[in-house]
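Colleague: Before we start, here is the structure in question, set down as structure tokens.
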Amino acid sequence: MTAPLLDVHNLVVRYKPRGLFAAAAKPAVDRVSLSLPAGSTLGVVGESGSGKSSLLRAVLRLVPVESGSITLDGQDWLAAHGPALRRARHSIGFVAQNPFLSLSPRLTIAQILAEPLLARGDKPGAAMQDRIAVLLSRCGLPPDFLPRRARELSGGQAQRVAIARALALSPRLLVLDEPTSALDVSVQAQILNLLMDLKADFGLSMLFVTHNLKVVAHIADQLMVMRQGSVVESGATERIMSAAEQLYTQELMGFGRRAQKSAPTS
Ligand SMILES: Nc1ncnc2c1ncn2[C@@H]1O[C@H](COP(=O)(O)OP(=O)(O)O)[C@@H](O)[C@H]1O
Ligand SMILES: [Mg+2]
């Protein structure tokens with residue numbers, strides 16, 4: 001068996017309590033373990049406040065980790081520092097919920113897509129322009145979008161640009177935090193289809209966070225259900241969708257106690 005691309009073991013993330021007399025905060029992520037094989041998608045689901053974003057922030061090395069380990073492509077990811085950390089970050093692409101907040105309104109789409117390449121030290125020029133146009137087209141937008149600005153785009157178009165930017169440095173892992181939650185339902189499906197195509201084309205691995213179990217069930221090979229910082233259930237998507245063990249998971253599917261009462265028998 002090949003080693004997983006991402007391996008998280010007993011991860012604990014705890015934010016500092018605010019205020020002088022605040023009690024020690026309980027962990028936002030409480031001994032979470034997961035294993036993501038290369039080319040696979042893990043859906044992380046849970047109600048608001050269950051620690052999904054904190055888990056992603058730890059994987060992106062944006063918050064301090066209290067204990068536990070993260071191994072990325074066989075390397076101790078928590079030990080990476082300075083320039084090595086910056087370089088290794090290129091192997092992770094990140095897509096946030098709201099593209100209008102994550103894309104600079106001052107820049108053109110071409111400038112937005114060039115940014116990560118320039119930051120890596122690539123030279124501006126025809127090769128870079130080509131690469132940017134190919135990226136954008138691979139995400140479903142023609143080159144006439146390049147001179148436009150994010151605020152001129154629809155939510156779905158802007159999220160396509162955000163995904164193209166996340167892929168600019170050819171990451172092996174794409175980390176997405178509620179990437180379709182701000183979009184209309186019809187547009188959500190288009191973005192999910194795009195992500196599935198990209199996954200197949202590039203052999204991408206994905207960590208896909210959402211509060212909506214139905215959204216992620218289409219795209220994820222494995223599911224991990226979180227509540228109050230802990231994993232309550234995890235396994236193959238098919239198994240969880242057909243026979244969730246936890247009532248909490250059933251409630252996330254809309255088949256919880258309350259829903260069951262009024263659900264027609266079939
Ligand atoms: N920057 C922060 N400072 C302090 N507490 C935070 C911070 N971010 C999140 N939390 C707390 O951590 C817990 C998990 O939050 P979060 O990871 O955002 O959950 P989710 O993404 O599942 O909604 C919540 O109790 C939240 O209030
Ligand atoms: Mg969140």
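Residues in the structure tokens are numbered from 1 in each chain, the chains being A, B, ... in the order shown, and ligands are numbered from 1 in the order shown.
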Given a cut-off of 12 Å, what residues near ligand 2 show up using only C-alpha atoms and all ligand atoms, put as a PyMOL selection string?

Modeller: chain A and resi 28+44-57+96-98+176-179+181+208-212+226+229

Colleague: Please produce a file of those selected residues containing C-alpha atoms, as a PDB file, in the first residue's frame.

Modeller:
```pdb
ATOM      1  CA  ALA A  28     -11.786  23.475  18.640  1.00  0.00           C
ATOM      2  CA  VAL A  44     -15.577  16.665   6.356  1.00  0.00           C
ATOM      3  CA  VAL A  45     -19.129  17.345   7.553  1.00  0.00           C
ATOM      4  CA  GLY A  46     -20.627  18.801  10.697  1.00  0.00           C
ATOM      5  CA  GLU A  47     -22.860  21.545  12.022  1.00  0.00           C
ATOM      6  CA  SER A  48     -21.513  25.066  12.437  1.00  0.00           C
ATOM      7  CA  GLY A  49     -18.881  25.264  15.176  1.00  0.00           C
ATOM      8  CA  SER A  50     -17.879  21.608  14.960  1.00  0.00           C
ATOM      9  CA  GLY A  51     -14.248  22.454  14.178  1.00  0.00           C
ATOM     10  CA  LYS A  52     -14.150  21.855  10.422  1.00  0.00           C
ATOM     11  CA  SER A  53     -12.491  25.166   9.516  1.00  0.00           C
ATOM     12  CA  SER A  54     -10.067  24.892  12.427  1.00  0.00           C
ATOM     13  CA  LEU A  55      -8.979  21.469  11.131  1.00  0.00           C
ATOM     14  CA  LEU A  56      -8.387  22.972   7.665  1.00  0.00           C
ATOM     15  CA  ARG A  57      -6.498  25.929   9.149  1.00  0.00           C
ATOM     16  CA  ALA A  96     -12.656  29.543   0.555  1.00  0.00           C
ATOM     17  CA  GLN A  97     -16.424  29.912   0.813  1.00  0.00           C
ATOM     18  CA  ASN A  98     -16.835  33.404  -0.569  1.00  0.00           C
ATOM     19  CA  LEU A 176     -11.918  23.548   0.244  1.00  0.00           C
ATOM     20  CA  ASP A 177     -13.907  25.249   3.019  1.00  0.00           C
ATOM     21  CA  GLU A 178     -17.638  25.340   2.147  1.00  0.00           C
ATOM     22  CA  PRO A 179     -16.784  26.083  -1.523  1.00  0.00           C
ATOM     23  CA  SER A 181     -22.238  27.194   0.346  1.00  0.00           C
ATOM     24  CA  PHE A 208     -13.753  19.128   1.243  1.00  0.00           C
ATOM     25  CA  VAL A 209     -15.421  20.797   4.235  1.00  0.00           C
ATOM     26  CA  THR A 210     -19.141  21.493   4.305  1.00  0.00           C
ATOM     27  CA  HIS A 211     -22.103  21.570   6.685  1.00  0.00           C
ATOM     28  CA  ASN A 212     -24.169  20.013   3.855  1.00  0.00           C
ATOM     29  CA  MET A 226     -17.419  16.089  13.210  1.00  0.00           C
ATOM     30  CA  GLY A 229     -14.287  19.184  17.669  1.00  0.00           C
TER      31      GLY A 229
END
```

Colleague: What are the DSSP strand (DSSP E) residues of stretch 110-191 of chain A, as a CSV table (one decimal) with all heavy atoms, in the first residue's frame?

Modeller:
```csv
chain,number,residue,atom,x,y,z
A,173,LEU,N,-2.8,18.6,-3.3
A,173,LEU,CA,-3.9,18.5,-2.4
A,173,LEU,C,-4.7,19.8,-2.5
A,173,LEU,O,-4.1,20.9,-2.5
A,173,LEU,CB,-3.4,18.4,-0.9
A,173,LEU,CG,-4.4,18.5,0.2
A,173,LEU,CD1,-5.4,17.4,0.1
A,173,LEU,CD2,-3.7,18.5,1.6
A,174,LEU,N,-6.0,19.7,-2.6
A,174,LEU,CA,-6.9,20.9,-2.7
A,174,LEU,C,-7.7,20.8,-1.4
A,174,LEU,O,-8.4,19.8,-1.2
A,174,LEU,CB,-7.7,20.8,-4.0
A,174,LEU,CG,-8.4,22.1,-4.4
A,174,LEU,CD1,-7.4,23.2,-4.7
A,174,LEU,CD2,-9.2,21.8,-5.7
A,175,VAL,N,-7.7,22.0,-0.7
A,175,VAL,CA,-8.4,22.1,0.5
A,175,VAL,C,-9.5,23.1,0.3
A,175,VAL,O,-9.3,24.2,-0.1
A,175,VAL,CB,-7.4,22.5,1.7
A,175,VAL,CG1,-8.2,22.9,2.9
A,175,VAL,CG2,-6.4,21.4,2.0
A,176,LEU,N,-10.8,22.7,0.6
A,176,LEU,CA,-11.9,23.5,0.2
A,176,LEU,C,-12.8,23.7,1.5
A,176,LEU,O,-13.2,22.7,2.1
A,176,LEU,CB,-12.7,22.9,-0.9
A,176,LEU,CG,-12.0,22.5,-2.1
A,176,LEU,CD1,-12.0,21.0,-2.3
A,176,LEU,CD2,-12.5,23.2,-3.4
A,177,ASP,N,-13.1,25.0,1.8
A,177,ASP,CA,-13.9,25.2,3.0
A,177,ASP,C,-15.3,25.8,2.6
A,177,ASP,O,-15.4,26.9,2.2
A,177,ASP,CB,-13.2,26.2,3.9
A,177,ASP,CG,-13.8,26.3,5.3
A,177,ASP,OD1,-14.9,25.6,5.5
A,177,ASP,OD2,-13.2,26.9,6.2
```

Colleague: Have a look at atom CA of A:Phe100 and atom CA of A:Lys16 and let me know their distance in Å, one decimal.

Modeller: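 Interatomic distance, atom CA of A:Phe100 to atom CA of A:Lys16: 29.4 Å.
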
Colleague: So which residues touch A:Leu198 within 10 Å, counting only C-alpha atoms, skipping near sequence neighbours fewer than 5 positions away, as number ranges by chain?

Modeller: A: 138-139, 163, 167, 192-193, 203-204

Colleague: Within 10 Å of stretch 60-77 of chain A, counting only C-alpha atoms, which residues show up once you throw out same-chain ones fewer than 5 positions away? Write them as a PyMOL selection string, please.

Modeller: chain A and resi 3-15+27+29-38+54-55+85+88-89+91-94+172-173+175

Colleague: For C-alpha atoms, I'd like the residues from the last selection saved as a PDB file, in the first residue's frame.

Modeller:
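So part-v1.pdb came out as:
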```pdb
ATOM      1  CA  ALA A   3       1.516   5.962   2.085  1.00  0.00           C
ATOM      2  CA  PRO A   4      -1.360   8.476   2.320  1.00  0.00           C
ATOM      3  CA  LEU A   5      -0.796  11.969   0.918  1.00  0.00           C
ATOM      4  CA  LEU A   6      -2.108  13.505   4.127  1.00  0.00           C
ATOM      5  CA  ASP A   7      -2.098  11.825   7.503  1.00  0.00           C
ATOM      6  CA  VAL A   8      -3.402  13.544  10.615  1.00  0.00           C
ATOM      7  CA  HIS A   9      -3.011  11.868  13.982  1.00  0.00           C
ATOM      8  CA  ASN A  10      -4.640  12.911  17.265  1.00  0.00           C
ATOM      9  CA  LEU A  11      -4.651  16.563  16.244  1.00  0.00           C
ATOM     10  CA  VAL A  12      -5.599  19.132  18.889  1.00  0.00           C
ATOM     11  CA  VAL A  13      -6.197  22.819  18.065  1.00  0.00           C
ATOM     12  CA  ARG A  14      -7.103  25.115  20.954  1.00  0.00           C
ATOM     13  CA  TYR A  15      -7.595  28.852  20.649  1.00  0.00           C
ATOM     14  CA  PRO A  27     -10.290  22.439  21.989  1.00  0.00           C
ATOM     15  CA  VAL A  29     -10.270  20.268  17.223  1.00  0.00           C
ATOM     16  CA  ASP A  30     -10.071  17.428  19.728  1.00  0.00           C
ATOM     17  CA  ARG A  31      -7.824  14.445  18.888  1.00  0.00           C
ATOM     18  CA  VAL A  32      -8.841  14.181  15.257  1.00  0.00           C
ATOM     19  CA  SER A  33      -7.187  11.570  13.033  1.00  0.00           C
ATOM     20  CA  LEU A  34      -7.637  11.106   9.321  1.00  0.00           C
ATOM     21  CA  SER A  35      -5.857   9.542   6.400  1.00  0.00           C
ATOM     22  CA  LEU A  36      -6.246  10.810   2.849  1.00  0.00           C
ATOM     23  CA  PRO A  37      -4.901   8.547   0.077  1.00  0.00           C
ATOM     24  CA  ALA A  38      -3.500  10.271  -3.025  1.00  0.00           C
ATOM     25  CA  SER A  54     -10.067  24.892  12.427  1.00  0.00           C
ATOM     26  CA  LEU A  55      -8.979  21.469  11.131  1.00  0.00           C
ATOM     27  CA  LEU A  85       7.305  25.919   4.781  1.00  0.00           C
ATOM     28  CA  ALA A  88       5.868  23.166   0.751  1.00  0.00           C
ATOM     29  CA  ARG A  89       2.678  25.246   1.005  1.00  0.00           C
ATOM     30  CA  SER A  91       1.634  21.585  -2.631  1.00  0.00           C
ATOM     31  CA  ILE A  92      -1.677  22.657  -1.041  1.00  0.00           C
ATOM     32  CA  GLY A  93      -4.296  24.736  -2.866  1.00  0.00           C
ATOM     33  CA  PHE A  94      -7.007  26.488  -0.870  1.00  0.00           C
ATOM     34  CA  ARG A 172      -1.421  17.692  -5.088  1.00  0.00           C
ATOM     35  CA  LEU A 173      -3.911  18.540  -2.358  1.00  0.00           C
ATOM     36  CA  VAL A 175      -8.427  22.065   0.547  1.00  0.00           C
TER      37      VAL A 175
END
```

Colleague: Skip A:Leu113 itself and residues of its chain fewer than 4 positions away, then list as a PyMOL selection string all residues within 9 Å of it, counting only C-alpha atoms.

Modeller: chain A and resi 108-109+117+132+135-136+146+161-162+164-166+168

Colleague: Write the selection just made, keeping N, CA and C atoms, as a short mmCIF file (atom, residue, chain, number, x, y, z; two decimals), in the first residue's frame?

Modeller:
```cif
data_model
loop_
_atom_site.label_atom_id
_atom_site.label_comp_id
_atom_site.auth_asym_id
_atom_site.auth_seq_id
_atom_site.Cartn_x
_atom_site.Cartn_y
_atom_site.Cartn_z
N THR A 108 -7.20 42.46 -11.95
CA THR A 108 -7.88 41.73 -13.02
C THR A 108 -7.74 40.23 -12.75
N ILE A 109 -8.57 39.44 -13.44
CA ILE A 109 -8.48 37.98 -13.28
C ILE A 109 -7.07 37.51 -13.66
N LEU A 117 2.06 32.60 -9.10
CA LEU A 117 3.22 32.24 -9.94
C LEU A 117 4.36 33.24 -9.72
N ILE A 132 -1.76 30.89 -17.55
CA ILE A 132 -2.94 31.49 -16.91
C ILE A 132 -4.20 31.24 -17.74
N LEU A 135 -5.19 27.58 -17.42
CA LEU A 135 -5.81 27.34 -16.10
C LEU A 135 -7.27 27.77 -16.09
N LEU A 136 -7.48 28.99 -16.59
CA LEU A 136 -8.83 29.55 -16.56
C LEU A 136 -9.77 28.73 -17.44
N LEU A 146 -10.06 37.29 -18.76
CA LEU A 146 -8.77 37.68 -18.16
C LEU A 146 -8.67 39.16 -17.79
N VAL A 161 -12.71 31.16 -10.81
CA VAL A 161 -11.42 31.87 -10.77
C VAL A 161 -10.65 31.47 -9.51
N ALA A 162 -11.38 31.40 -8.37
CA ALA A 162 -10.71 31.03 -7.11
C ALA A 162 -10.13 29.62 -7.21
N ALA A 164 -9.20 28.13 -10.04
CA ALA A 164 -8.06 28.23 -10.96
C ALA A 164 -6.82 28.75 -10.21
N ARG A 165 -7.03 29.76 -9.37
CA ARG A 165 -5.89 30.30 -8.60
C ARG A 165 -5.33 29.24 -7.66
N ALA A 166 -6.22 28.47 -7.03
CA ALA A 166 -5.76 27.43 -6.09
C ALA A 166 -4.94 26.36 -6.81
N ALA A 168 -2.97 27.01 -9.45
CA ALA A 168 -1.90 27.64 -10.23
C ALA A 168 -0.55 26.98 -10.02
#
```

Colleague: Let me make sure I understand: among A:Leu194, A:Met253, A:Ile112, A:Ala244, which one has the smallest atom-to-atom distance to A:Gly140 if we use only C-alpha atoms?

Modeller: A:Leu194

Colleague: Show me, as a list in words, the residues that have an atom within 8 Å of A:Asp221 when counting only C-alpha atoms, minus same-chain residues fewer than 6 positions from it.

Modeller: Ser40, Thr41, Leu42, Gly43, Ala236 and Thr237 of chain A

Colleague: Can you tell me, as a PyMOL selection string, which residues in stretch 61-241 of chain A count as helix (DSSP H, G or I) by DSSP?

Modeller: chain A and resi 77-79+82-89+99-102+109-120+126-138+143-145+150-152+155-166+185-202+213-217+237-241
